[in-house]
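Chemist: I'd like to ask some things about the structure below.
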Amino acid sequence: MWIKNVVVYLHYTSCLIHKEYYSMRNDSMINELLNAWEETYKKGQLTFWVFLALKDSNKCVEDIKEFVEKMSDGSMSCEEQSLYRNLRKFQHLEIVAYDSKRVSKGPDRKYYYLTDIGKELFKRFVERNILIFTKESINNLLNK
């Protein structure tokens, strides 16, 4: 009887360890997949966040960076070099423009804004790709 109890206990312990191992492995795998998905997702989000920042008001690069980090609750961050690169591309496409303003120290500071084309582009993007998440049916699924 004693041996049978030990065997049952060892089997039970083995099952718990096995279950814990697979739970940890699954959790680790989910975290890796989530990190990869978020990395890809965030790369595609920079334009949205820059346009949202400029829709709010004219901003210099430092202000755009601060806006993105604050409004995304820290889930999005961007390097100033990436912002400059994107803003130059948007400027070339006439989606974004800037006004130069004098500052007390250093060169004039560029304050970027959305052009009329940029405003319309952002409006249509939001209508087609963002507002869909406000639908009740989508919200119900997300909160399920």
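Residues are named by chain letter and number: chains run A, B, ... in the order of the structure tokens, numbers start at 1 in each chain, and ligands are numbered from 1 in the order shown.
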Which of region 39-109 of chain A end up as strand (DSSP E or B) when DSSP is run on this backbone - answer as number ranges by chain?
Modeler: A: 59, 96-101, 109
Chemist: Name the residues in contact with Gln81 (chain A) at a cut-off of 12 Å, using only C-alpha atoms, excluding same-chain residues fewer than 4 positions from it; report them as a list in words.
Modeler: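 My reading of the contact set: Val61, Glu62, Lys65, Arg85, Asn86, Leu87 and Arg88 of chain A.
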Chemist: Nearest to Ile64 (chain A): which of A:Asn129, A:Phe90, A:Asp108, A:Tyr113 is it, counting only C-alpha atoms?
Modeler: A:Tyr113
Chemist: Please produce, as a Markdown table, a per-residue contact table for region 94-116 of chain A versus region 37-53 of chain A (criterion: any atom at most 12 Å away, only C-alpha atoms considered), showing the nearest atom pair and its distance in Å to one decimal, sorted by chain then residue number.
Modeler:
```
| residue | atom | partner | partner_atom | distance |
| --- | --- | --- | --- | --- |
| A:Ile95 | CA | A:Phe51 | CA | 9.6 |
| A:Val96 | CA | A:Phe51 | CA | 8.9 |
| A:Ala97 | CA | A:Phe51 | CA | 11.9 |
| A:Tyr111 | CA | A:Ala53 | CA | 11.7 |
| A:Tyr112 | CA | A:Ala53 | CA | 9.8 |
| A:Tyr113 | CA | A:Phe51 | CA | 8.6 |
| A:Leu114 | CA | A:Phe51 | CA | 7.2 |
| A:Thr115 | CA | A:Phe51 | CA | 10.6 |
```
Chemist: For CA of Leu93 (chain A) and CA of Lys119 (chain A), quote the distance in Å rounded to one decimal.
Modeler: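 A separation of 13.0 Å between them.
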Chemist: Suppose you want the space between CA of Cys78 (chain A) and CA of Lys59 (chain A); what is it in Å?
Modeler: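 Value for the CA of Cys78 (chain A)-CA of Lys59 (chain A) distance: 15.0 Å.
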Chemist: Could you check how far CA of Ser100 (chain A) sits from CA of Ile117 (chain A), in Å to one decimal?
Modeler: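 These two atoms are separated by 20.4 Å.
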Chemist: Based on the backbone DSSP call, show me all residues of region 3-137 of chain A assigned helix (DSSP H, G or I), as number ranges by chain.
Modeler: A: 3-56, 61-71, 80-92, 116-129, 131-134, 136-137
Chemist: Closest to Tyr98 (chain A) among A:Ser137, A:Ser82, A:Ser57, A:Ser77, using only C-alpha atoms?
Modeler: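 When distances to Tyr98 (chain A) are compared using only C-alpha atoms, the smallest one comes from A:Ser57.
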Chemist: Restricting the calculation to only C-alpha atoms: of A:Gly118, A:Glu79, A:Asn31, A:Ser72, which residue gets closest to Gln91 (chain A)?
Modeler: A:Gly118
